[in-house]
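The structure file my_file.pdb is reproduced below (PDB, C-alpha atoms).
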```
ATOM      1  CA  MET A  48     109.587 143.509  10.357
ATOM      2  CA  THR A  49     112.891 143.890   8.567
ATOM      3  CA  THR A  50     114.354 147.375   8.342
ATOM      4  CA  ALA A  51     115.674 146.739   4.838
ATOM      5  CA  ARG A  52     113.987 148.734   2.107
ATOM      6  CA  PRO A  53     111.421 146.364   0.601
ATOM      7  CA  ASP A  54     111.679 147.897  -2.859
ATOM      8  CA  ILE A  55     115.362 146.959  -2.994
ATOM      9  CA  ASP A  56     115.758 143.737  -1.009
ATOM     10  CA  VAL A  57     112.805 141.811  -2.441
ATOM     11  CA  SER A  58     114.454 138.413  -1.963
ATOM     12  CA  ARG A  59     113.532 138.420   1.733
ATOM     13  CA  SER A  60     109.848 138.996   1.129
ATOM     14  CA  PRO A  61     107.665 135.853   1.149
ATOM     15  CA  ARG A  62     105.033 137.668  -0.870
ATOM     16  CA  ARG A  63     105.713 139.144  -4.298
ATOM     17  CA  SER A  64     102.264 140.177  -5.548
ATOM     18  CA  ALA A  65      99.897 142.857  -4.324
ATOM     19  CA  ARG A  66      97.482 142.069  -1.522
ATOM     20  CA  GLN A  67      93.883 141.916  -2.701
ATOM     21  CA  PRO A  68      91.717 143.748  -0.137
ATOM     22  CA  VAL A  69      88.112 142.639   0.298
ATOM     23  CA  ARG A  70      86.840 145.210   2.784
ATOM     24  CA  GLU A  71      85.835 148.655   1.604
ATOM     25  CA  ARG A  72      88.363 150.398   3.821
ATOM     26  CA  GLY A  73      91.198 148.314   2.413
ATOM     27  CA  ILE A  74      90.018 148.867  -1.150
ATOM     28  CA  GLN A  75      89.982 152.616  -0.585
ATOM     29  CA  ARG A  76      93.429 152.615   1.031
ATOM     30  CA  GLN A  77      94.893 150.639  -1.838
ATOM     31  CA  ALA A  78      93.277 152.979  -4.356
ATOM     32  CA  LEU A  79      94.845 155.919  -2.521
ATOM     33  CA  LEU A  80      98.264 154.314  -2.823
ATOM     34  CA  LEU A  81      97.780 153.610  -6.525
ATOM     35  CA  ASP A  82      96.787 157.253  -7.010
ATOM     36  CA  ALA A  83     100.088 158.189  -5.395
ATOM     37  CA  VAL A  84     102.049 155.887  -7.707
ATOM     38  CA  ASP A  85     100.248 157.299 -10.718
ATOM     39  CA  ASP A  86     100.977 160.840  -9.555
ATOM     40  CA  LEU A  87     104.659 160.071  -9.010
ATOM     41  CA  LEU A  88     105.023 158.592 -12.497
ATOM     42  CA  THR A  89     103.715 161.783 -14.048
ATOM     43  CA  SER A  90     107.127 163.359 -13.527
ATOM     44  CA  ALA A  91     109.421 160.568 -12.278
ATOM     45  CA  GLU A  92     110.755 157.489 -14.036
ATOM     46  CA  PRO A  93     109.742 154.061 -12.686
ATOM     47  CA  GLU A  94     113.352 153.342 -11.706
ATOM     48  CA  ASP A  95     113.240 156.365  -9.372
ATOM     49  CA  VAL A  96     110.034 155.360  -7.594
ATOM     50  CA  GLY A  97     110.147 153.095  -4.543
ATOM     51  CA  ILE A  98     108.136 152.147  -1.486
ATOM     52  CA  TYR A  99     109.383 155.167   0.453
ATOM     53  CA  GLN A 100     108.518 157.618  -2.315
ATOM     54  CA  ILE A 101     105.020 156.110  -2.563
ATOM     55  CA  ALA A 102     104.565 156.448   1.199
ATOM     56  CA  GLU A 103     105.713 160.053   1.167
ATOM     57  CA  ARG A 104     103.388 160.994  -1.702
ATOM     58  CA  ALA A 105     100.406 159.199  -0.103
ATOM     59  CA  LYS A 106     101.261 160.682   3.321
ATOM     60  CA  VAL A 107     101.328 157.291   5.022
ATOM     61  CA  ALA A 108     103.956 155.203   6.774
ATOM     62  CA  PRO A 109     106.069 152.902   4.574
ATOM     63  CA  ALA A 110     104.611 149.945   6.477
ATOM     64  CA  SER A 111     101.177 150.891   5.131
ATOM     65  CA  VAL A 112     102.475 150.666   1.576
ATOM     66  CA  TYR A 113     104.298 147.435   2.289
ATOM     67  CA  HIS A 114     101.059 145.949   3.661
ATOM     68  CA  PHE A 115      99.562 146.123   0.166
ATOM     69  CA  PHE A 116     102.660 146.087  -2.031
ATOM     70  CA  PRO A 117     105.737 144.093  -0.930
ATOM     71  CA  THR A 118     107.742 145.605  -3.800
ATOM     72  CA  LYS A 119     107.395 148.564  -6.085
ATOM     73  CA  GLU A 120     106.862 146.143  -8.977
ATOM     74  CA  ALA A 121     103.804 144.776  -7.199
ATOM     75  CA  ALA A 122     102.474 148.340  -7.110
ATOM     76  CA  PHE A 123     103.301 148.830 -10.796
ATOM     77  CA  VAL A 124     101.471 145.632 -11.739
ATOM     78  CA  ALA A 125      98.416 146.695  -9.742
ATOM     79  CA  LEU A 126      98.522 150.065 -11.478
ATOM     80  CA  ALA A 127      98.862 148.329 -14.847
ATOM     81  CA  GLN A 128      95.756 146.306 -14.037
ATOM     82  CA  ARG A 129      93.892 149.530 -13.357
ATOM     83  CA  TYR A 130      95.050 151.059 -16.633
ATOM     84  CA  LEU A 131      94.036 148.027 -18.651
ATOM     85  CA  ALA A 132      90.612 147.927 -17.037
ATOM     86  CA  ASP A 133      90.188 151.534 -18.169
ATOM     87  CA  PHE A 134      91.533 150.794 -21.646
ATOM     88  CA  ARG A 135      89.160 147.868 -22.058
ATOM     89  CA  VAL A 136      86.302 150.344 -21.913
ATOM     90  CA  LEU A 137      87.635 151.740 -25.188
ATOM     91  CA  GLY A 138      86.363 148.610 -26.899
ATOM     92  CA  GLU A 139      82.853 149.476 -25.816
ATOM     93  CA  ARG A 140      82.934 152.646 -27.877
ATOM     94  CA  PRO A 141      81.091 152.026 -31.139
ATOM     95  CA  ALA A 142      83.003 152.060 -34.414
ATOM     96  CA  GLU A 143      81.423 153.185 -37.633
ATOM     97  CA  ALA A 144      80.415 150.090 -39.575
ATOM     98  CA  SER A 145      81.383 151.857 -42.798
ATOM     99  CA  ARG A 146      85.034 151.785 -41.650
ATOM    100  CA  LEU A 147      85.072 147.986 -41.441
ATOM    101  CA  GLY A 148      85.907 147.054 -44.990
ATOM    102  CA  SER A 149      88.414 144.299 -44.166
ATOM    103  CA  TRP A 150      90.531 142.905 -41.335
ATOM    104  CA  GLN A 151      93.123 145.682 -41.649
ATOM    105  CA  ASP A 152      90.487 148.248 -40.684
ATOM    106  CA  TYR A 153      89.653 146.396 -37.462
ATOM    107  CA  PHE A 154      93.255 146.584 -36.263
ATOM    108  CA  GLU A 155      93.654 150.191 -37.381
ATOM    109  CA  ILE A 156      90.681 151.240 -35.261
ATOM    110  CA  GLU A 157      91.983 149.270 -32.272
ATOM    111  CA  GLN A 158      95.467 150.790 -32.553
ATOM    112  CA  GLU A 159      94.119 154.310 -32.954
ATOM    113  CA  ARG A 160      92.180 153.967 -29.728
ATOM    114  CA  VAL A 161      94.863 152.324 -27.632
ATOM    115  CA  SER A 162      97.695 154.602 -28.769
ATOM    116  CA  ALA A 163      95.548 157.660 -28.061
ATOM    117  CA  ALA A 164      94.789 156.325 -24.575
ATOM    118  CA  PHE A 165      98.479 155.740 -23.885
ATOM    119  CA  ASN A 166      99.487 159.168 -25.149
ATOM    120  CA  ALA A 167      96.823 160.788 -22.991
ATOM    121  CA  HIS A 168      98.305 159.232 -19.849
ATOM    122  CA  LYS A 169     102.073 159.397 -19.559
ATOM    123  CA  PRO A 170     102.366 157.076 -16.525
ATOM    124  CA  ALA A 171     100.775 154.273 -18.559
ATOM    125  CA  LEU A 172     103.376 154.776 -21.294
ATOM    126  CA  LYS A 173     106.139 154.542 -18.719
ATOM    127  CA  ILE A 174     104.774 151.385 -17.134
ATOM    128  CA  PHE A 175     104.069 149.440 -20.328
ATOM    129  CA  LEU A 176     106.666 150.725 -22.776
ATOM    130  CA  GLY A 177     109.428 152.297 -20.721
ATOM    131  CA  TYR A 178     109.924 149.948 -17.790
ATOM    132  CA  ALA A 179     111.819 146.663 -17.945
ATOM    133  CA  GLY A 180     110.760 145.154 -14.614
ATOM    134  CA  ALA A 181     110.244 141.389 -14.818
ATOM    135  CA  SER A 182     106.885 141.340 -13.018
ATOM    136  CA  VAL A 183     105.430 144.038 -15.249
ATOM    137  CA  ARG A 184     106.699 142.285 -18.381
ATOM    138  CA  ASP A 185     105.220 139.000 -17.192
ATOM    139  CA  PHE A 186     101.880 140.623 -16.453
ATOM    140  CA  GLY A 187     101.861 142.316 -19.859
ATOM    141  CA  ALA A 188     102.623 139.037 -21.611
ATOM    142  CA  ARG A 189      99.814 137.231 -19.801
ATOM    143  CA  PHE A 190      97.363 140.026 -20.533
ATOM    144  CA  ASN A 191      98.322 140.079 -24.213
ATOM    145  CA  THR A 192      97.681 136.346 -24.395
ATOM    146  CA  GLN A 193      94.215 136.860 -22.951
ATOM    147  CA  MET A 194      93.468 139.743 -25.286
ATOM    148  CA  THR A 195      94.602 137.964 -28.435
ATOM    149  CA  THR A 196      92.720 134.774 -27.599
ATOM    150  CA  GLY A 197      89.429 136.135 -28.920
ATOM    151  CA  VAL A 198      90.748 138.149 -31.852
ATOM    152  CA  PHE A 199      90.007 135.567 -34.524
ATOM    153  CA  GLU A 200      86.511 134.990 -33.172
ATOM    154  CA  ALA A 201      85.858 138.743 -33.252
ATOM    155  CA  LEU A 202      87.137 139.031 -36.807
ATOM    156  CA  ASP A 203      85.112 136.003 -37.888
ATOM    157  CA  ARG A 204      81.908 137.572 -36.612
ATOM    158  CA  LEU A 205      82.629 140.714 -38.589
ATOM    159  CA  PHE A 206      84.150 139.203 -41.750
ATOM    160  CA  HIS A 207      84.168 135.998 -43.795
ATOM    161  CA  MET A 208      87.480 134.840 -42.338
ATOM    162  CA  PRO A 209      89.423 131.885 -43.770
ATOM    163  CA  PRO A 210      90.538 129.092 -41.422
ATOM    164  CA  ILE A 211      93.717 129.949 -39.512
ATOM    165  CA  ALA A 212      95.987 127.458 -37.770
ATOM    166  CA  VAL A 213      96.765 128.379 -34.137
ATOM    167  CA  PRO A 214      95.184 131.846 -34.373
ATOM    168  CA  ARG A 215      96.008 132.772 -30.778
ATOM    169  CA  ARG A 216      99.722 132.305 -31.415
ATOM    170  CA  ARG A 217      99.548 134.096 -34.768
ATOM    171  CA  PHE A 218      97.760 137.155 -33.422
ATOM    172  CA  GLY A 219      99.913 137.079 -30.302
ATOM    173  CA  VAL A 220     103.027 137.443 -32.446
ATOM    174  CA  ALA A 221     101.347 140.197 -34.478
ATOM    175  CA  HIS A 222     100.576 142.095 -31.283
ATOM    176  CA  ALA A 223     104.144 141.645 -30.030
ATOM    177  CA  VAL A 224     105.466 143.076 -33.313
ATOM    178  CA  MET A 225     103.245 146.119 -32.948
ATOM    179  CA  GLU A 226     104.207 146.620 -29.309
ATOM    180  CA  ALA A 227     107.915 146.384 -30.120
ATOM    181  CA  VAL A 228     107.589 149.242 -32.616
ATOM    182  CA  TRP A 229     105.635 151.296 -30.085
ATOM    183  CA  THR A 230     108.307 150.677 -27.459
ATOM    184  CA  GLN A 231     111.071 151.801 -29.804
ATOM    185  CA  GLY A 232     109.117 154.929 -30.661
ATOM    186  CA  TYR A 233     108.405 155.724 -27.023
ATOM    187  CA  LEU A 234     112.041 155.324 -26.022
ATOM    188  CA  GLN A 235     113.031 157.761 -28.790
ATOM    189  CA  HIS A 236     110.281 160.349 -28.457
ATOM    190  CA  GLY A 237     108.564 159.805 -25.106
ATOM    191  CA  THR A 238     105.265 159.239 -26.856
ATOM    192  CA  ILE A 239     103.674 157.189 -29.651
ATOM    193  CA  THR A 240     103.985 159.518 -32.616
ATOM    194  CA  ASP A 241     101.779 159.282 -35.690
ATOM    195  CA  ASP A 242     104.746 157.971 -37.672
ATOM    196  CA  CYS A 243     105.414 155.353 -35.012
ATOM    197  CA  ARG A 244     101.783 154.256 -35.007
ATOM    198  CA  GLN A 245     101.781 153.943 -38.790
ATOM    199  CA  ASP A 246     105.037 151.964 -38.731
ATOM    200  CA  ALA A 247     103.575 149.638 -36.085
ATOM    201  CA  LEU A 248     100.394 149.195 -38.064
ATOM    202  CA  GLU A 249     102.336 148.424 -41.242
ATOM    203  CA  ALA A 250     104.536 145.891 -39.456
ATOM    204  CA  HIS A 251     101.424 144.309 -37.963
ATOM    205  CA  ARG A 252      99.792 144.104 -41.402
ATOM    206  CA  VAL A 253     102.883 142.615 -43.035
ATOM    207  CA  TYR A 254     103.063 139.836 -40.492
ATOM    208  CA  CYS A 255      99.312 139.127 -40.644
ATOM    209  CA  SER A 256      99.562 138.994 -44.435
ATOM    210  CA  LEU A 257     101.659 135.844 -44.024
ATOM    211  CA  PHE A 258      98.506 133.951 -43.056
ATOM    212  CA  LEU A 259      95.641 136.233 -44.165
ATOM    213  CA  PRO A 260      94.545 137.293 -47.661
ATOM    214  CA  ASP A 261      94.782 140.962 -48.578
ATOM    215  CA  ARG A 262      91.032 141.329 -48.258
ATOM    216  CA  VAL A 263      88.196 139.522 -46.539
ATOM    217  CA  GLU A 264      84.591 140.567 -47.069
ATOM    218  CA  PRO A 265      82.412 141.945 -44.273
ATOM    219  CA  ARG A 266      79.453 139.890 -43.114
ATOM    220  CA  ASP A 267      76.035 140.864 -44.434
ATOM    221  CA  TRP A 268      74.978 142.300 -41.079
ATOM    222  CA  VAL A 269      78.054 144.584 -41.062
ATOM    223  CA  ARG A 270      77.257 145.758 -44.603
ATOM    224  CA  ALA A 271      73.669 146.402 -43.571
ATOM    225  CA  ALA A 272      74.814 148.407 -40.548
ATOM    226  CA  ALA A 273      77.105 150.417 -42.813
ATOM    227  CA  ASP A 274      74.237 151.116 -45.217
ATOM    228  CA  ARG A 275      72.182 152.365 -42.270
ATOM    229  CA  ARG A 276      75.156 154.477 -41.120
ATOM    230  CA  GLU A 277      75.213 152.646 -37.812
ATOM    231  CA  SER A 278      78.096 151.822 -35.506
ATOM    232  CA  ILE A 279      79.277 148.507 -34.065
ATOM    233  CA  ASP A 280      80.519 147.676 -30.584
ATOM    234  CA  LEU A 281      83.852 145.954 -31.255
ATOM    235  CA  LEU A 282      84.136 144.542 -27.740
ATOM    236  CA  ALA A 283      80.728 142.926 -28.070
ATOM    237  CA  ALA A 284      81.914 141.407 -31.341
ATOM    238  CA  ARG A 285      84.311 139.298 -29.301
ATOM    239  CA  ASP A 286      81.738 138.074 -26.829
ATOM    240  CA  ALA A 287      78.324 137.984 -28.472
ATOM    241  CA  ALA A 288      77.065 135.408 -30.919
ATOM    242  CA  GLU A 289      76.891 136.489 -34.523
ATOM    243  CA  PRO A 290      73.442 137.910 -35.354
ATOM    244  CA  SER A 291      71.131 135.343 -36.866
ATOM    245  CA  GLY A 292      70.666 135.146 -40.622
ATOM    246  CA  THR A 293      74.172 136.343 -41.492
TER
END
```
Please express what this file holds, its structure, as structure tokens.
Amino acid sequence: MTTARPDIDVSRSPRRSARQPVRERGIQRQALLLDAVDDLLTSAEPEDVGIYQIAERAKVAPASVYHFFPTKEAAFVALAQRYLADFRVLGERPAEASRLGSWQDYFEIEQERVSAAFNAHKPALKIFLGYAGASVRDFGARFNTQMTTGVFEALDRLFHMPPIAVPRRRFGVAHAVMEAVWTQGYLQHGTITDDCRQDALEAHRVYCSLFLPDRVEPRDWVRAAADRRESIDLLAARDAAEPSGT
């Protein structure tokens, strides 16, 4: 094995992405390493974290880290995947149906939840908003494409949405606008402030207003849930068929 530091000389590595363990022991060892990366990013900047720092924090040999992560970016991407799996659970939390008066409310609820999750975990802020590594950016772009693919369908199950040309591209741009404002705010303040979140939400709304009316009406089943003071699972709204008779 080469003696060059793998987190610096990545051009010599035939493998760029993280190894995907299938045995329980390997899964546990990789989780231990990701815990170490997460712990390091609590106080250090991503640029200051490398394979050797991860090995030292995890109390393993650098070769053990390299076995799973050929570069530090591979470790960051794996950690980003873990964060996003945790964040996805946020969508399973019910939202009060009475808050869903139009499409703007849907995005406000989503942004409230995600920004709060980021602010509660500083390493996630650093990975997604403070780090310019190409692999992490590429992963974030691909994930955003996946996430915005079902946005129109979710909105259409909740509201009487008008037809939209290329909705995935439209909502993808809207998400990128919001994320750009968050990134600017993070770089200035080290967090997503309330002002930053409101600016991002306003920018998101302005762009969406180019192809959406100011107001769309909730579906009858959403109104009924609001009258009963019930809550709605927004993640299920993306995946489940609209209730019958609505």
Take the PyMOL selection byres ((chain A and resi 187) around 10), run it mentally on this structure, and tell me the resulting residues as a PyMOL selection string.
chain A and resi 124+127-128+131+174-175+181-186+188-193
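Using only C-alpha atoms for every distance, the candidate list A:Cys255, A:Ile156, A:Ile101, A:Val228 yields A:Ile101 as the residue closest to Phe115 of chain A.
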Between atom CA of Val263 of chain A and atom CA of Glu143 of chain A, measure the distance and give it in Å to one decimal.
17.7 Å
What is the atom CA of Gln245 of chain A-atom CA of Glu226 of chain A distance in Å, reported with one decimal?
12.2 Å
Expanded to explicit residues, what is the PyMOL selection byres ((chain A and resi 123) around 12) for this file, as an NGL selection string?
:A and (54 or 63-65 or 80-85 or 87-88 or 92-94 or 96-98 or 101 or 115-122 or 124-130 or 170-171 or 173-175 or 178-187)
Produce a file of the selected residues containing C-alpha atoms, as a PDB file, keeping the file's coordinate frame.
```pdb
ATOM      1  CA  ASP A  54     111.679 147.897  -2.859  1.00  0.00           C
ATOM      2  CA  ARG A  63     105.713 139.144  -4.298  1.00  0.00           C
ATOM      3  CA  SER A  64     102.264 140.177  -5.548  1.00  0.00           C
ATOM      4  CA  ALA A  65      99.897 142.857  -4.324  1.00  0.00           C
ATOM      5  CA  LEU A  80      98.264 154.314  -2.823  1.00  0.00           C
ATOM      6  CA  LEU A  81      97.780 153.610  -6.525  1.00  0.00           C
ATOM      7  CA  ASP A  82      96.787 157.253  -7.010  1.00  0.00           C
ATOM      8  CA  ALA A  83     100.088 158.189  -5.395  1.00  0.00           C
ATOM      9  CA  VAL A  84     102.049 155.887  -7.707  1.00  0.00           C
ATOM     10  CA  ASP A  85     100.248 157.299 -10.718  1.00  0.00           C
ATOM     11  CA  LEU A  87     104.659 160.071  -9.010  1.00  0.00           C
ATOM     12  CA  LEU A  88     105.023 158.592 -12.497  1.00  0.00           C
ATOM     13  CA  GLU A  92     110.755 157.489 -14.036  1.00  0.00           C
ATOM     14  CA  PRO A  93     109.742 154.061 -12.686  1.00  0.00           C
ATOM     15  CA  GLU A  94     113.352 153.342 -11.706  1.00  0.00           C
ATOM     16  CA  VAL A  96     110.034 155.360  -7.594  1.00  0.00           C
ATOM     17  CA  GLY A  97     110.147 153.095  -4.543  1.00  0.00           C
ATOM     18  CA  ILE A  98     108.136 152.147  -1.486  1.00  0.00           C
ATOM     19  CA  ILE A 101     105.020 156.110  -2.563  1.00  0.00           C
ATOM     20  CA  PHE A 115      99.562 146.123   0.166  1.00  0.00           C
ATOM     21  CA  PHE A 116     102.660 146.087  -2.031  1.00  0.00           C
ATOM     22  CA  PRO A 117     105.737 144.093  -0.930  1.00  0.00           C
ATOM     23  CA  THR A 118     107.742 145.605  -3.800  1.00  0.00           C
ATOM     24  CA  LYS A 119     107.395 148.564  -6.085  1.00  0.00           C
ATOM     25  CA  GLU A 120     106.862 146.143  -8.977  1.00  0.00           C
ATOM     26  CA  ALA A 121     103.804 144.776  -7.199  1.00  0.00           C
ATOM     27  CA  ALA A 122     102.474 148.340  -7.110  1.00  0.00           C
ATOM     28  CA  VAL A 124     101.471 145.632 -11.739  1.00  0.00           C
ATOM     29  CA  ALA A 125      98.416 146.695  -9.742  1.00  0.00           C
ATOM     30  CA  LEU A 126      98.522 150.065 -11.478  1.00  0.00           C
ATOM     31  CA  ALA A 127      98.862 148.329 -14.847  1.00  0.00           C
ATOM     32  CA  GLN A 128      95.756 146.306 -14.037  1.00  0.00           C
ATOM     33  CA  ARG A 129      93.892 149.530 -13.357  1.00  0.00           C
ATOM     34  CA  TYR A 130      95.050 151.059 -16.633  1.00  0.00           C
ATOM     35  CA  PRO A 170     102.366 157.076 -16.525  1.00  0.00           C
ATOM     36  CA  ALA A 171     100.775 154.273 -18.559  1.00  0.00           C
ATOM     37  CA  LYS A 173     106.139 154.542 -18.719  1.00  0.00           C
ATOM     38  CA  ILE A 174     104.774 151.385 -17.134  1.00  0.00           C
ATOM     39  CA  PHE A 175     104.069 149.440 -20.328  1.00  0.00           C
ATOM     40  CA  TYR A 178     109.924 149.948 -17.790  1.00  0.00           C
ATOM     41  CA  ALA A 179     111.819 146.663 -17.945  1.00  0.00           C
ATOM     42  CA  GLY A 180     110.760 145.154 -14.614  1.00  0.00           C
ATOM     43  CA  ALA A 181     110.244 141.389 -14.818  1.00  0.00           C
ATOM     44  CA  SER A 182     106.885 141.340 -13.018  1.00  0.00           C
ATOM     45  CA  VAL A 183     105.430 144.038 -15.249  1.00  0.00           C
ATOM     46  CA  ARG A 184     106.699 142.285 -18.381  1.00  0.00           C
ATOM     47  CA  ASP A 185     105.220 139.000 -17.192  1.00  0.00           C
ATOM     48  CA  PHE A 186     101.880 140.623 -16.453  1.00  0.00           C
ATOM     49  CA  GLY A 187     101.861 142.316 -19.859  1.00  0.00           C
TER      50      GLY A 187
END
```
Step by step, work through what the PyMOL selection byres ((chain A and resi 220-225) around 9) selects in the shown file, and finish by giving those residues as a PyMOL selection string.
chain A and resi 188+191+195+215-219+226-230+244+246-252+254-255
What is the atom CA of Asp95 of chain A to atom CA of His114 of chain A distance in Å?
20.7 Å
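Closest approach to Ala142 of chain A among A:Gly232, A:Ala78, A:Arg160, A:Gly237 is made by A:Arg160 (distances from all atoms listed in the file).
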Excluding Pro210 of chain A and any residue of its chain fewer than 3 positions from it, enumerate the residues within 12 Å of it, using all atoms listed in the file, and give them as JSON, numbers by chain.
{"A": [199, 200, 202, 203, 206, 207, 213, 214, 258, 259, 260, 263]}
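If you count all atoms listed in the file and ignore residues fewer than 4 places along the chain from Arg276 of chain A, what sits within 12 Å of it is Pro141, Ala142, Glu143, Ala144, Ser145, Arg146, Leu147, Val269, Arg270, Ala271 and Ala272 of chain A.
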Shell of 8 Å around Asn166 of chain A, only C-alpha atoms, local chain residues under 5 positions omitted, as JSON, numbers by chain
{"A": [172, 238, 239]}
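Distance annotation: of A:Asp267, A:Pro68, A:Arg135, A:Asp261, the residue with the minimal separation from Ala164 of chain A is A:Arg135; atom set is all atoms listed in the file.
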Where atoms are missing, can you supply all heavy atoms for segment 96-103 of chain A and output the lot as a PDB file, in the frame of the given file?
```
ATOM      1  N   VAL A  96     111.163 155.474  -8.521  1.00  0.00           N
ATOM      2  CA  VAL A  96     110.034 155.360  -7.594  1.00  0.00           C
ATOM      3  C   VAL A  96     110.204 154.100  -6.762  1.00  0.00           C
ATOM      4  O   VAL A  96     110.484 153.024  -7.293  1.00  0.00           O
ATOM      5  CB  VAL A  96     108.700 155.304  -8.355  1.00  0.00           C
ATOM      6  CG1 VAL A  96     107.541 155.028  -7.397  1.00  0.00           C
ATOM      7  CG2 VAL A  96     108.460 156.600  -9.114  1.00  0.00           C
ATOM      8  N   GLY A  97     110.052 154.236  -5.441  1.00  0.00           N
ATOM      9  CA  GLY A  97     110.147 153.095  -4.543  1.00  0.00           C
ATOM     10  C   GLY A  97     109.089 153.163  -3.464  1.00  0.00           C
ATOM     11  O   GLY A  97     108.247 154.076  -3.434  1.00  0.00           O
ATOM     12  N   ILE A  98     109.119 152.218  -2.562  1.00  0.00           N
ATOM     13  CA  ILE A  98     108.136 152.147  -1.486  1.00  0.00           C
ATOM     14  C   ILE A  98     108.124 153.431  -0.666  1.00  0.00           C
ATOM     15  O   ILE A  98     107.050 153.946  -0.313  1.00  0.00           O
ATOM     16  CB  ILE A  98     108.433 150.941  -0.571  1.00  0.00           C
ATOM     17  CG1 ILE A  98     108.271 149.629  -1.344  1.00  0.00           C
ATOM     18  CG2 ILE A  98     107.529 150.958   0.666  1.00  0.00           C
ATOM     19  CD1 ILE A  98     106.855 149.331  -1.778  1.00  0.00           C
ATOM     20  N   TYR A  99     109.315 153.981  -0.385  1.00  0.00           N
ATOM     21  CA  TYR A  99     109.383 155.167   0.453  1.00  0.00           C
ATOM     22  C   TYR A  99     108.832 156.399  -0.263  1.00  0.00           C
ATOM     23  O   TYR A  99     108.195 157.270   0.355  1.00  0.00           O
ATOM     24  CB  TYR A  99     110.828 155.405   0.917  1.00  0.00           C
ATOM     25  CG  TYR A  99     111.233 154.487   2.050  1.00  0.00           C
ATOM     26  CD1 TYR A  99     111.430 153.129   1.827  1.00  0.00           C
ATOM     27  CD2 TYR A  99     111.397 154.971   3.342  1.00  0.00           C
ATOM     28  CE1 TYR A  99     111.786 152.277   2.856  1.00  0.00           C
ATOM     29  CE2 TYR A  99     111.756 154.130   4.389  1.00  0.00           C
ATOM     30  CZ  TYR A  99     111.942 152.779   4.139  1.00  0.00           C
ATOM     31  OH  TYR A  99     112.287 151.935   5.171  1.00  0.00           O
ATOM     32  N   GLN A 100     109.070 156.496  -1.550  1.00  0.00           N
ATOM     33  CA  GLN A 100     108.518 157.618  -2.315  1.00  0.00           C
ATOM     34  C   GLN A 100     106.985 157.525  -2.375  1.00  0.00           C
ATOM     35  O   GLN A 100     106.282 158.542  -2.288  1.00  0.00           O
ATOM     36  CB  GLN A 100     109.090 157.629  -3.730  1.00  0.00           C
ATOM     37  CG  GLN A 100     110.537 158.085  -3.833  1.00  0.00           C
ATOM     38  CD  GLN A 100     111.509 157.042  -3.325  1.00  0.00           C
ATOM     39  OE1 GLN A 100     111.237 155.850  -3.415  1.00  0.00           O
ATOM     40  NE2 GLN A 100     112.631 157.495  -2.785  1.00  0.00           N
ATOM     41  N   ILE A 101     106.484 156.304  -2.535  1.00  0.00           N
ATOM     42  CA  ILE A 101     105.020 156.110  -2.563  1.00  0.00           C
ATOM     43  C   ILE A 101     104.417 156.518  -1.224  1.00  0.00           C
ATOM     44  O   ILE A 101     103.395 157.213  -1.175  1.00  0.00           O
ATOM     45  CB  ILE A 101     104.682 154.642  -2.887  1.00  0.00           C
ATOM     46  CG1 ILE A 101     105.189 154.270  -4.283  1.00  0.00           C
ATOM     47  CG2 ILE A 101     103.165 154.409  -2.793  1.00  0.00           C
ATOM     48  CD1 ILE A 101     105.098 152.788  -4.587  1.00  0.00           C
ATOM     49  N   ALA A 102     105.067 156.112  -0.133  1.00  0.00           N
ATOM     50  CA  ALA A 102     104.565 156.448   1.199  1.00  0.00           C
ATOM     51  C   ALA A 102     104.557 157.960   1.418  1.00  0.00           C
ATOM     52  O   ALA A 102     103.581 158.521   1.950  1.00  0.00           O
ATOM     53  CB  ALA A 102     105.424 155.764   2.258  1.00  0.00           C
ATOM     54  N   GLU A 103     105.635 158.602   0.991  1.00  0.00           N
ATOM     55  CA  GLU A 103     105.713 160.053   1.167  1.00  0.00           C
ATOM     56  C   GLU A 103     104.628 160.760   0.371  1.00  0.00           C
ATOM     57  O   GLU A 103     103.969 161.683   0.879  1.00  0.00           O
ATOM     58  CB  GLU A 103     107.090 160.552   0.738  1.00  0.00           C
ATOM     59  CG  GLU A 103     107.298 162.046   0.931  1.00  0.00           C
ATOM     60  CD  GLU A 103     108.688 162.493   0.525  1.00  0.00           C
ATOM     61  OE1 GLU A 103     109.476 161.643   0.058  1.00  0.00           O
ATOM     62  OE2 GLU A 103     108.974 163.698   0.657  1.00  0.00           O
TER      63      GLU A 103
END
```
